[in-house]
Amino acid sequence: MSPAVRSVVDPAAVGTRRRWAMLGASVAAQAAASVATNGWAFLIPAWRDERGLGLAAAGTLAAMPIAGTMLTLFGWGLLVDRWGERRVLLLGLAGTAAAGLVAARAEDLLLLGTALLLVGAFAASTSSASGRVVVGWFPPERRGLAMGVRQMAQPLGVAFAAATMAVTADRAGVTSAGAVPVASTLLALVAVAVLVLDPPRPRRTTANAANPYRAGSFLTRVHGVSVLLVVPQFLVWTYSLTWLVDSRGWTPAAAGALVAVTHVLGALGRIAVGHLSDVVGSRVRPLRWVAVGAAATMALLALTEPTGVAVVLLVIASTVTVADNGLAFTSVAEHAGPFWSGRALGVQNTAQYLAAAAVAPVAGLTITHWGYAAAFGLAALGPLTATALVPRDDAGAA
């Protein structure tokens, strides 16, 4: 283990206010990465209108940042374990901003797709690094709440993108809309540079540095649950605005506003579920409850899709389907320990993004041939299966 990962700051000298400030910077970093990787999905109607792309082709472009993230998550996690959190965050955010600038100005579709792939590749750095900042600086009895706050960054980032990118593209074009994630990333870069310190790690021993995957199936099962739960999450994230515009006749501005509200609710839901896990003393029990709720909500959304009730259920689904992330993330980090959590979180998110990268094009084809109701109904099978895969208890978490 490189000595570079050991904090040079005395933990006793870092007070509660500074810890929450670092949590705020971690939220900013993850939110900016969320805007950069998920915001382009809100340009699907603009790509279709300005460039004549079909739904499947536009959905594939929107999935390129997710694919880039998937390809590099484990590598960034390894660098977190070896270099430390601060250095990884600074490098990753700088690269995200540079690649986003190219994507915003790209006219050629091949260049656009490549730039979006690089956006996701650099944005992936924030996942393990910002999560490790939270786990490293907050005690176990506060981690659920703290990680819930950190995990709200993703839906808040999507909410911000939904409220700004679609309407900006509608009024000023795709190039102007592409400047939104660039500006967000640069602001997060400044926050990290000013506030974030590498958290302390204990002295490396044979016991705390052992491979946690050899100790049992806990981590593998949590990874599997997260993959299954990410399917309805990314289906709703990617196509909710397009569904409101195409099937319900909403304007892009009105649809973007509602989607933004749903993601704010999702962010609050993550905080509530994280706090609940602290109260009940378990991450996996609330995780199972979320899986049951997601399956039921997506099934009801499929059954009511032609009716006005579906809009209400879309709001509920957007809240429920994102609530699991903080629980799984905290559970993986705690179980893996300080010398494997970067890699374990990298594996966790790689598996999630592998599924997420397939959601947009596959769902686009499903919607094109069979409609939105079929896509919503198929997505309910993921969380339904996950309910049986959730570990029985939190044994082994530290």
# chains A, B, ... in the order shown; residues from 1 in each chain; ligands from 1

$ closest_atom_pairs --of "segment 346-372 of chain A" --to "segment 315-326 of chain A" --cutoff "12 Å" --atoms "only C-alpha atoms" --output "Markdown table"
| residue | atom | partner | partner_atom | distance |
| --- | --- | --- | --- | --- |
| A:Gln348 | CA | A:Asn325 | CA | 10.3 |
| A:Asn349 | CA | A:Asn325 | CA | 9.9 |
| A:Gln352 | CA | A:Asn325 | CA | 10.0 |

$ write_last_selection --atoms "all heavy atoms" --output "short mmCIF file (atom, residue, chain, number, x, y, z; two decimals), in the first residue's frame"
data_model
loop_
_atom_site.label_atom_id
_atom_site.label_comp_id
_atom_site.auth_asym_id
_atom_site.auth_seq_id
_atom_site.Cartn_x
_atom_site.Cartn_y
_atom_site.Cartn_z
N GLN A 348 -18.95 -2.85 -7.35
CA GLN A 348 -20.37 -2.57 -7.15
C GLN A 348 -20.93 -1.68 -8.25
O GLN A 348 -21.93 -1.99 -8.89
CB GLN A 348 -20.54 -1.88 -5.78
CG GLN A 348 -21.85 -1.15 -5.56
CD GLN A 348 -22.95 -2.06 -5.05
OE1 GLN A 348 -22.72 -3.23 -4.80
NE2 GLN A 348 -24.13 -1.53 -4.91
N ASN A 349 -20.24 -0.58 -8.50
CA ASN A 349 -20.75 0.37 -9.48
C ASN A 349 -20.51 -0.07 -10.91
O ASN A 349 -21.29 0.28 -11.80
CB ASN A 349 -20.13 1.74 -9.22
CG ASN A 349 -20.74 2.43 -8.02
OD1 ASN A 349 -21.92 2.70 -7.98
ND2 ASN A 349 -19.92 2.68 -7.01
N GLN A 352 -23.42 -2.22 -11.63
CA GLN A 352 -24.62 -1.39 -11.80
C GLN A 352 -24.63 -0.69 -13.15
O GLN A 352 -25.65 -0.67 -13.85
CB GLN A 352 -24.69 -0.35 -10.69
CG GLN A 352 -25.13 -0.88 -9.34
CD GLN A 352 -25.30 0.23 -8.33
OE1 GLN A 352 -24.34 0.93 -7.99
NE2 GLN A 352 -26.51 0.41 -7.85
#

$ select_by_dssp --residues "segment 97-209 of chain A" --states "alpha helix (DSSP H)" --output "MDAnalysis selection string"
chainID A and resid 97:105 109:123 125:137 140:151 153:172 174:195

$ residues_around --residues "segment 251-261 of chain A" --least-positions-apart "4" --cutoff "8 Å" --atoms "only C-alpha atoms" --output "list of chain:residue names"
A:Leu156, A:Val158, A:Ala159, A:Phe160, A:Ala161, A:Ala162, A:Ala163, A:Thr164, A:Ala166, A:Val167, A:Asp170, A:Ser240, A:Leu241, A:Leu244, A:Val245, A:Leu265, A:Val315

$ write_last_selection --atoms "N, CA and C atoms" --output "PDB file, in the first residue's frame"
ATOM      1  N   LEU A 156     -30.259  14.515  -7.209  1.00  0.00           N
ATOM      2  CA  LEU A 156     -30.250  15.973  -7.296  1.00  0.00           C
ATOM      3  C   LEU A 156     -29.565  16.442  -8.566  1.00  0.00           C
ATOM      4  N   VAL A 158     -29.465  14.751 -11.366  1.00  0.00           N
ATOM      5  CA  VAL A 158     -30.411  14.480 -12.446  1.00  0.00           C
ATOM      6  C   VAL A 158     -31.539  15.510 -12.436  1.00  0.00           C
ATOM      7  N   ALA A 159     -32.002  15.883 -11.235  1.00  0.00           N
ATOM      8  CA  ALA A 159     -33.061  16.899 -11.137  1.00  0.00           C
ATOM      9  C   ALA A 159     -32.601  18.221 -11.733  1.00  0.00           C
ATOM     10  N   PHE A 160     -31.379  18.619 -11.401  1.00  0.00           N
ATOM     11  CA  PHE A 160     -30.847  19.859 -11.939  1.00  0.00           C
ATOM     12  C   PHE A 160     -30.727  19.786 -13.461  1.00  0.00           C
ATOM     13  N   ALA A 161     -30.246  18.648 -13.958  1.00  0.00           N
ATOM     14  CA  ALA A 161     -30.129  18.482 -15.402  1.00  0.00           C
ATOM     15  C   ALA A 161     -31.484  18.516 -16.083  1.00  0.00           C
ATOM     16  N   ALA A 162     -32.476  17.856 -15.457  1.00  0.00           N
ATOM     17  CA  ALA A 162     -33.818  17.838 -16.039  1.00  0.00           C
ATOM     18  C   ALA A 162     -34.425  19.230 -16.095  1.00  0.00           C
ATOM     19  N   ALA A 163     -34.167  20.039 -15.071  1.00  0.00           N
ATOM     20  CA  ALA A 163     -34.744  21.383 -15.003  1.00  0.00           C
ATOM     21  C   ALA A 163     -34.051  22.362 -15.933  1.00  0.00           C
ATOM     22  N   THR A 164     -32.821  22.044 -16.354  1.00  0.00           N
ATOM     23  CA  THR A 164     -32.051  23.019 -17.128  1.00  0.00           C
ATOM     24  C   THR A 164     -31.736  22.579 -18.554  1.00  0.00           C
ATOM     25  N   ALA A 166     -33.043  20.227 -20.780  1.00  0.00           N
ATOM     26  CA  ALA A 166     -34.098  20.089 -21.787  1.00  0.00           C
ATOM     27  C   ALA A 166     -34.623  21.453 -22.234  1.00  0.00           C
ATOM     28  N   VAL A 167     -34.896  22.326 -21.277  1.00  0.00           N
ATOM     29  CA  VAL A 167     -35.439  23.637 -21.636  1.00  0.00           C
ATOM     30  C   VAL A 167     -34.387  24.490 -22.349  1.00  0.00           C
ATOM     31  N   ASP A 170     -34.241  23.291 -25.862  1.00  0.00           N
ATOM     32  CA  ASP A 170     -35.446  23.703 -26.580  1.00  0.00           C
ATOM     33  C   ASP A 170     -35.376  25.167 -27.010  1.00  0.00           C
ATOM     34  N   SER A 240     -38.475   9.056 -18.580  1.00  0.00           N
ATOM     35  CA  SER A 240     -39.638   9.720 -17.981  1.00  0.00           C
ATOM     36  C   SER A 240     -39.997  11.001 -18.720  1.00  0.00           C
ATOM     37  N   LEU A 241     -38.991  11.823 -19.039  1.00  0.00           N
ATOM     38  CA  LEU A 241     -39.276  13.072 -19.746  1.00  0.00           C
ATOM     39  C   LEU A 241     -39.849  12.802 -21.136  1.00  0.00           C
ATOM     40  N   LEU A 244     -43.477  11.657 -20.874  1.00  0.00           N
ATOM     41  CA  LEU A 244     -44.387  12.758 -20.596  1.00  0.00           C
ATOM     42  C   LEU A 244     -44.645  13.602 -21.841  1.00  0.00           C
ATOM     43  N   VAL A 245     -43.610  13.814 -22.650  1.00  0.00           N
ATOM     44  CA  VAL A 245     -43.752  14.617 -23.867  1.00  0.00           C
ATOM     45  C   VAL A 245     -44.533  13.863 -24.931  1.00  0.00           C
ATOM     46  N   LEU A 265     -37.399  14.545  -4.627  1.00  0.00           N
ATOM     47  CA  LEU A 265     -38.045  13.603  -3.713  1.00  0.00           C
ATOM     48  C   LEU A 265     -37.201  12.348  -3.541  1.00  0.00           C
ATOM     49  N   VAL A 315     -44.008   9.542 -10.309  1.00  0.00           N
ATOM     50  CA  VAL A 315     -43.363  10.297  -9.231  1.00  0.00           C
ATOM     51  C   VAL A 315     -42.958   9.354  -8.104  1.00  0.00           C
TER      52      VAL A 315
END

$ closest_residue --among "A:Thr126, A:Ser26, A:Thr72, A:Thr16" --to "Val192 of chain A" --atoms "only C-alpha atoms"
A:Ser26

$ atom_distance --atom1 "atom CA of Tyr353 of chain A" --atom2 "atom CA of Gly68 of chain A"
9.0 Å

$ closest_atom_pairs --of "segment 96-168 of chain A" --to "segment 35-52 of chain A" --cutoff "12 Å" --atoms "only C-alpha atoms" --output "JSON lines"
{"residue": "A:Thr96", "atom": "CA", "partner": "A:Ala36", "partner_atom": "CA", "distance": 7.6}
{"residue": "A:Ala97", "atom": "CA", "partner": "A:Ala36", "partner_atom": "CA", "distance": 8.6}
{"residue": "A:Ala98", "atom": "CA", "partner": "A:Ala36", "partner_atom": "CA", "distance": 11.3}
{"residue": "A:Ala99", "atom": "CA", "partner": "A:Ala36", "partner_atom": "CA", "distance": 9.8}
{"residue": "A:Gly100", "atom": "CA", "partner": "A:Ala36", "partner_atom": "CA", "distance": 7.3}
{"residue": "A:Leu101", "atom": "CA", "partner": "A:Ala36", "partner_atom": "CA", "distance": 10.6}
{"residue": "A:Ala103", "atom": "CA", "partner": "A:Trp40", "partner_atom": "CA", "distance": 10.1}
{"residue": "A:Ala104", "atom": "CA", "partner": "A:Trp40", "partner_atom": "CA", "distance": 10.1}
{"residue": "A:Glu107", "atom": "CA", "partner": "A:Arg51", "partner_atom": "CA", "distance": 9.9}
{"residue": "A:Asp108", "atom": "CA", "partner": "A:Arg51", "partner_atom": "CA", "distance": 10.6}
{"residue": "A:Leu109", "atom": "CA", "partner": "A:Arg51", "partner_atom": "CA", "distance": 9.6}
{"residue": "A:Leu112", "atom": "CA", "partner": "A:Trp40", "partner_atom": "CA", "distance": 11.1}
{"residue": "A:Gly113", "atom": "CA", "partner": "A:Trp40", "partner_atom": "CA", "distance": 11.1}
{"residue": "A:Ala115", "atom": "CA", "partner": "A:Ala36", "partner_atom": "CA", "distance": 11.3}
{"residue": "A:Leu116", "atom": "CA", "partner": "A:Thr37", "partner_atom": "CA", "distance": 8.0}
{"residue": "A:Leu117", "atom": "CA", "partner": "A:Thr37", "partner_atom": "CA", "distance": 9.1}
{"residue": "A:Leu118", "atom": "CA", "partner": "A:Thr37", "partner_atom": "CA", "distance": 10.0}
{"residue": "A:Val119", "atom": "CA", "partner": "A:Ala36", "partner_atom": "CA", "distance": 6.8}
{"residue": "A:Gly120", "atom": "CA", "partner": "A:Thr37", "partner_atom": "CA", "distance": 5.6}
{"residue": "A:Ala121", "atom": "CA", "partner": "A:Thr37", "partner_atom": "CA", "distance": 9.4}
{"residue": "A:Phe122", "atom": "CA", "partner": "A:Ala36", "partner_atom": "CA", "distance": 9.9}
{"residue": "A:Ala123", "atom": "CA", "partner": "A:Ala36", "partner_atom": "CA", "distance": 7.3}
{"residue": "A:Ala124", "atom": "CA", "partner": "A:Thr37", "partner_atom": "CA", "distance": 9.0}
{"residue": "A:Thr126", "atom": "CA", "partner": "A:Ala36", "partner_atom": "CA", "distance": 11.5}
{"residue": "A:Ser127", "atom": "CA", "partner": "A:Thr37", "partner_atom": "CA", "distance": 12.0}
{"residue": "A:Ala153", "atom": "CA", "partner": "A:Val35", "partner_atom": "CA", "distance": 9.6}
{"residue": "A:Gln154", "atom": "CA", "partner": "A:Val35", "partner_atom": "CA", "distance": 8.0}
{"residue": "A:Pro155", "atom": "CA", "partner": "A:Val35", "partner_atom": "CA", "distance": 9.2}
{"residue": "A:Leu156", "atom": "CA", "partner": "A:Val35", "partner_atom": "CA", "distance": 8.6}
{"residue": "A:Gly157", "atom": "CA", "partner": "A:Val35", "partner_atom": "CA", "distance": 4.9}
{"residue": "A:Val158", "atom": "CA", "partner": "A:Val35", "partner_atom": "CA", "distance": 5.6}
{"residue": "A:Ala159", "atom": "CA", "partner": "A:Val35", "partner_atom": "CA", "distance": 8.5}
{"residue": "A:Phe160", "atom": "CA", "partner": "A:Val35", "partner_atom": "CA", "distance": 7.3}
{"residue": "A:Ala161", "atom": "CA", "partner": "A:Gly39", "partner_atom": "CA", "distance": 5.0}
{"residue": "A:Ala162", "atom": "CA", "partner": "A:Phe42", "partner_atom": "CA", "distance": 6.3}
{"residue": "A:Ala163", "atom": "CA", "partner": "A:Phe42", "partner_atom": "CA", "distance": 9.4}
{"residue": "A:Thr164", "atom": "CA", "partner": "A:Gly39", "partner_atom": "CA", "distance": 9.2}
{"residue": "A:Met165", "atom": "CA", "partner": "A:Phe42", "partner_atom": "CA", "distance": 6.5}
{"residue": "A:Ala166", "atom": "CA", "partner": "A:Phe42", "partner_atom": "CA", "distance": 5.4}
{"residue": "A:Val167", "atom": "CA", "partner": "A:Phe42", "partner_atom": "CA", "distance": 9.2}
{"residue": "A:Thr168", "atom": "CA", "partner": "A:Leu43", "partner_atom": "CA", "distance": 9.5}

$ residues_around --residues "segment 308-314 of chain A" --least-positions-apart "4" --cutoff "8 Å" --atoms "only C-alpha atoms" --output "ChimeraX atom specification"
/A:236,240,297,300-301,304,318

$ decode --residues "segment 219-241 of chain A" --atoms "N, CA, C and O atoms" --output "PDB file, in the first residue's frame"
ATOM      1  N   LEU A 219     -20.837  -9.772  -0.154  1.00  0.00           N
ATOM      2  CA  LEU A 219     -20.602  -8.705  -1.128  1.00  0.00           C
ATOM      3  C   LEU A 219     -21.171  -9.060  -2.490  1.00  0.00           C
ATOM      4  O   LEU A 219     -21.771  -8.212  -3.171  1.00  0.00           O
ATOM      5  N   THR A 220     -20.998 -10.304  -2.912  1.00  0.00           N
ATOM      6  CA  THR A 220     -21.504 -10.719  -4.220  1.00  0.00           C
ATOM      7  C   THR A 220     -23.019 -10.590  -4.282  1.00  0.00           C
ATOM      8  O   THR A 220     -23.583 -10.154  -5.299  1.00  0.00           O
ATOM      9  N   ARG A 221     -23.693 -10.947  -3.214  1.00  0.00           N
ATOM     10  CA  ARG A 221     -25.156 -10.853  -3.193  1.00  0.00           C
ATOM     11  C   ARG A 221     -25.617  -9.399  -3.221  1.00  0.00           C
ATOM     12  O   ARG A 221     -26.582  -9.056  -3.923  1.00  0.00           O
ATOM     13  N   VAL A 222     -24.937  -8.529  -2.482  1.00  0.00           N
ATOM     14  CA  VAL A 222     -25.311  -7.111  -2.506  1.00  0.00           C
ATOM     15  C   VAL A 222     -25.069  -6.532  -3.902  1.00  0.00           C
ATOM     16  O   VAL A 222     -25.881  -5.742  -4.402  1.00  0.00           O
ATOM     17  N   HIS A 223     -23.967  -6.922  -4.536  1.00  0.00           N
ATOM     18  CA  HIS A 223     -23.726  -6.476  -5.919  1.00  0.00           C
ATOM     19  C   HIS A 223     -24.880  -6.902  -6.820  1.00  0.00           C
ATOM     20  O   HIS A 223     -25.374  -6.122  -7.649  1.00  0.00           O
ATOM     21  N   GLY A 224     -25.306  -8.164  -6.691  1.00  0.00           N
ATOM     22  CA  GLY A 224     -26.392  -8.669  -7.528  1.00  0.00           C
ATOM     23  C   GLY A 224     -27.694  -7.936  -7.298  1.00  0.00           C
ATOM     24  O   GLY A 224     -28.425  -7.605  -8.248  1.00  0.00           O
ATOM     25  N   VAL A 225     -28.004  -7.663  -6.035  1.00  0.00           N
ATOM     26  CA  VAL A 225     -29.220  -6.905  -5.705  1.00  0.00           C
ATOM     27  C   VAL A 225     -29.172  -5.517  -6.353  1.00  0.00           C
ATOM     28  O   VAL A 225     -30.159  -5.045  -6.932  1.00  0.00           O
ATOM     29  N   SER A 226     -28.032  -4.870  -6.267  1.00  0.00           N
ATOM     30  CA  SER A 226     -27.893  -3.520  -6.820  1.00  0.00           C
ATOM     31  C   SER A 226     -28.073  -3.513  -8.339  1.00  0.00           C
ATOM     32  O   SER A 226     -28.657  -2.581  -8.898  1.00  0.00           O
ATOM     33  N   VAL A 227     -27.570  -4.539  -9.005  1.00  0.00           N
ATOM     34  CA  VAL A 227     -27.742  -4.647 -10.457  1.00  0.00           C
ATOM     35  C   VAL A 227     -29.225  -4.771 -10.809  1.00  0.00           C
ATOM     36  O   VAL A 227     -29.733  -4.101 -11.719  1.00  0.00           O
ATOM     37  N   LEU A 228     -29.928  -5.619 -10.099  1.00  0.00           N
ATOM     38  CA  LEU A 228     -31.345  -5.832 -10.382  1.00  0.00           C
ATOM     39  C   LEU A 228     -32.181  -4.581 -10.097  1.00  0.00           C
ATOM     40  O   LEU A 228     -33.144  -4.285 -10.815  1.00  0.00           O
ATOM     41  N   LEU A 229     -31.802  -3.831  -9.056  1.00  0.00           N
ATOM     42  CA  LEU A 229     -32.565  -2.635  -8.708  1.00  0.00           C
ATOM     43  C   LEU A 229     -32.249  -1.445  -9.596  1.00  0.00           C
ATOM     44  O   LEU A 229     -33.032  -0.489  -9.659  1.00  0.00           O
ATOM     45  N   VAL A 230     -31.121  -1.468 -10.295  1.00  0.00           N
ATOM     46  CA  VAL A 230     -30.756  -0.332 -11.123  1.00  0.00           C
ATOM     47  C   VAL A 230     -31.559  -0.285 -12.428  1.00  0.00           C
ATOM     48  O   VAL A 230     -31.669   0.763 -13.056  1.00  0.00           O
ATOM     49  N   VAL A 231     -32.150  -1.422 -12.811  1.00  0.00           N
ATOM     50  CA  VAL A 231     -32.896  -1.464 -14.081  1.00  0.00           C
ATOM     51  C   VAL A 231     -34.097  -0.525 -14.067  1.00  0.00           C
ATOM     52  O   VAL A 231     -34.221   0.345 -14.941  1.00  0.00           O
ATOM     53  N   PRO A 232     -35.016  -0.636 -13.092  1.00  0.00           N
ATOM     54  CA  PRO A 232     -36.128   0.332 -13.092  1.00  0.00           C
ATOM     55  C   PRO A 232     -35.675   1.762 -12.835  1.00  0.00           C
ATOM     56  O   PRO A 232     -36.266   2.709 -13.356  1.00  0.00           O
ATOM     57  N   GLN A 233     -34.607   1.925 -12.036  1.00  0.00           N
ATOM     58  CA  GLN A 233     -34.106   3.270 -11.759  1.00  0.00           C
ATOM     59  C   GLN A 233     -33.698   3.977 -13.040  1.00  0.00           C
ATOM     60  O   GLN A 233     -34.120   5.113 -13.307  1.00  0.00           O
ATOM     61  N   PHE A 234     -32.896   3.330 -13.874  1.00  0.00           N
ATOM     62  CA  PHE A 234     -32.405   3.992 -15.078  1.00  0.00           C
ATOM     63  C   PHE A 234     -33.448   4.044 -16.184  1.00  0.00           C
ATOM     64  O   PHE A 234     -33.403   4.929 -17.040  1.00  0.00           O
ATOM     65  N   LEU A 235     -34.392   3.121 -16.177  1.00  0.00           N
ATOM     66  CA  LEU A 235     -35.497   3.223 -17.129  1.00  0.00           C
ATOM     67  C   LEU A 235     -36.295   4.491 -16.856  1.00  0.00           C
ATOM     68  O   LEU A 235     -36.581   5.270 -17.781  1.00  0.00           O
ATOM     69  N   VAL A 236     -36.649   4.710 -15.593  1.00  0.00           N
ATOM     70  CA  VAL A 236     -37.421   5.899 -15.232  1.00  0.00           C
ATOM     71  C   VAL A 236     -36.609   7.156 -15.483  1.00  0.00           C
ATOM     72  O   VAL A 236     -37.118   8.161 -16.011  1.00  0.00           O
ATOM     73  N   TRP A 237     -35.319   7.149 -15.093  1.00  0.00           N
ATOM     74  CA  TRP A 237     -34.479   8.316 -15.295  1.00  0.00           C
ATOM     75  C   TRP A 237     -34.353   8.686 -16.774  1.00  0.00           C
ATOM     76  O   TRP A 237     -34.401   9.851 -17.149  1.00  0.00           O
ATOM     77  N   THR A 238     -34.169   7.677 -17.609  1.00  0.00           N
ATOM     78  CA  THR A 238     -33.860   7.940 -19.022  1.00  0.00           C
ATOM     79  C   THR A 238     -35.085   8.355 -19.819  1.00  0.00           C
ATOM     80  O   THR A 238     -35.013   9.251 -20.660  1.00  0.00           O
ATOM     81  N   TYR A 239     -36.228   7.721 -19.553  1.00  0.00           N
ATOM     82  CA  TYR A 239     -37.367   7.905 -20.445  1.00  0.00           C
ATOM     83  C   TYR A 239     -38.564   8.624 -19.828  1.00  0.00           C
ATOM     84  O   TYR A 239     -39.589   8.788 -20.502  1.00  0.00           O
ATOM     85  N   SER A 240     -38.475   9.056 -18.580  1.00  0.00           N
ATOM     86  CA  SER A 240     -39.638   9.720 -17.981  1.00  0.00           C
ATOM     87  C   SER A 240     -39.997  11.001 -18.720  1.00  0.00           C
ATOM     88  O   SER A 240     -41.174  11.261 -19.002  1.00  0.00           O
ATOM     89  N   LEU A 241     -38.991  11.823 -19.039  1.00  0.00           N
ATOM     90  CA  LEU A 241     -39.276  13.072 -19.746  1.00  0.00           C
ATOM     91  C   LEU A 241     -39.849  12.802 -21.136  1.00  0.00           C
ATOM     92  O   LEU A 241     -40.828  13.430 -21.555  1.00  0.00           O
TER      93      LEU A 241
END
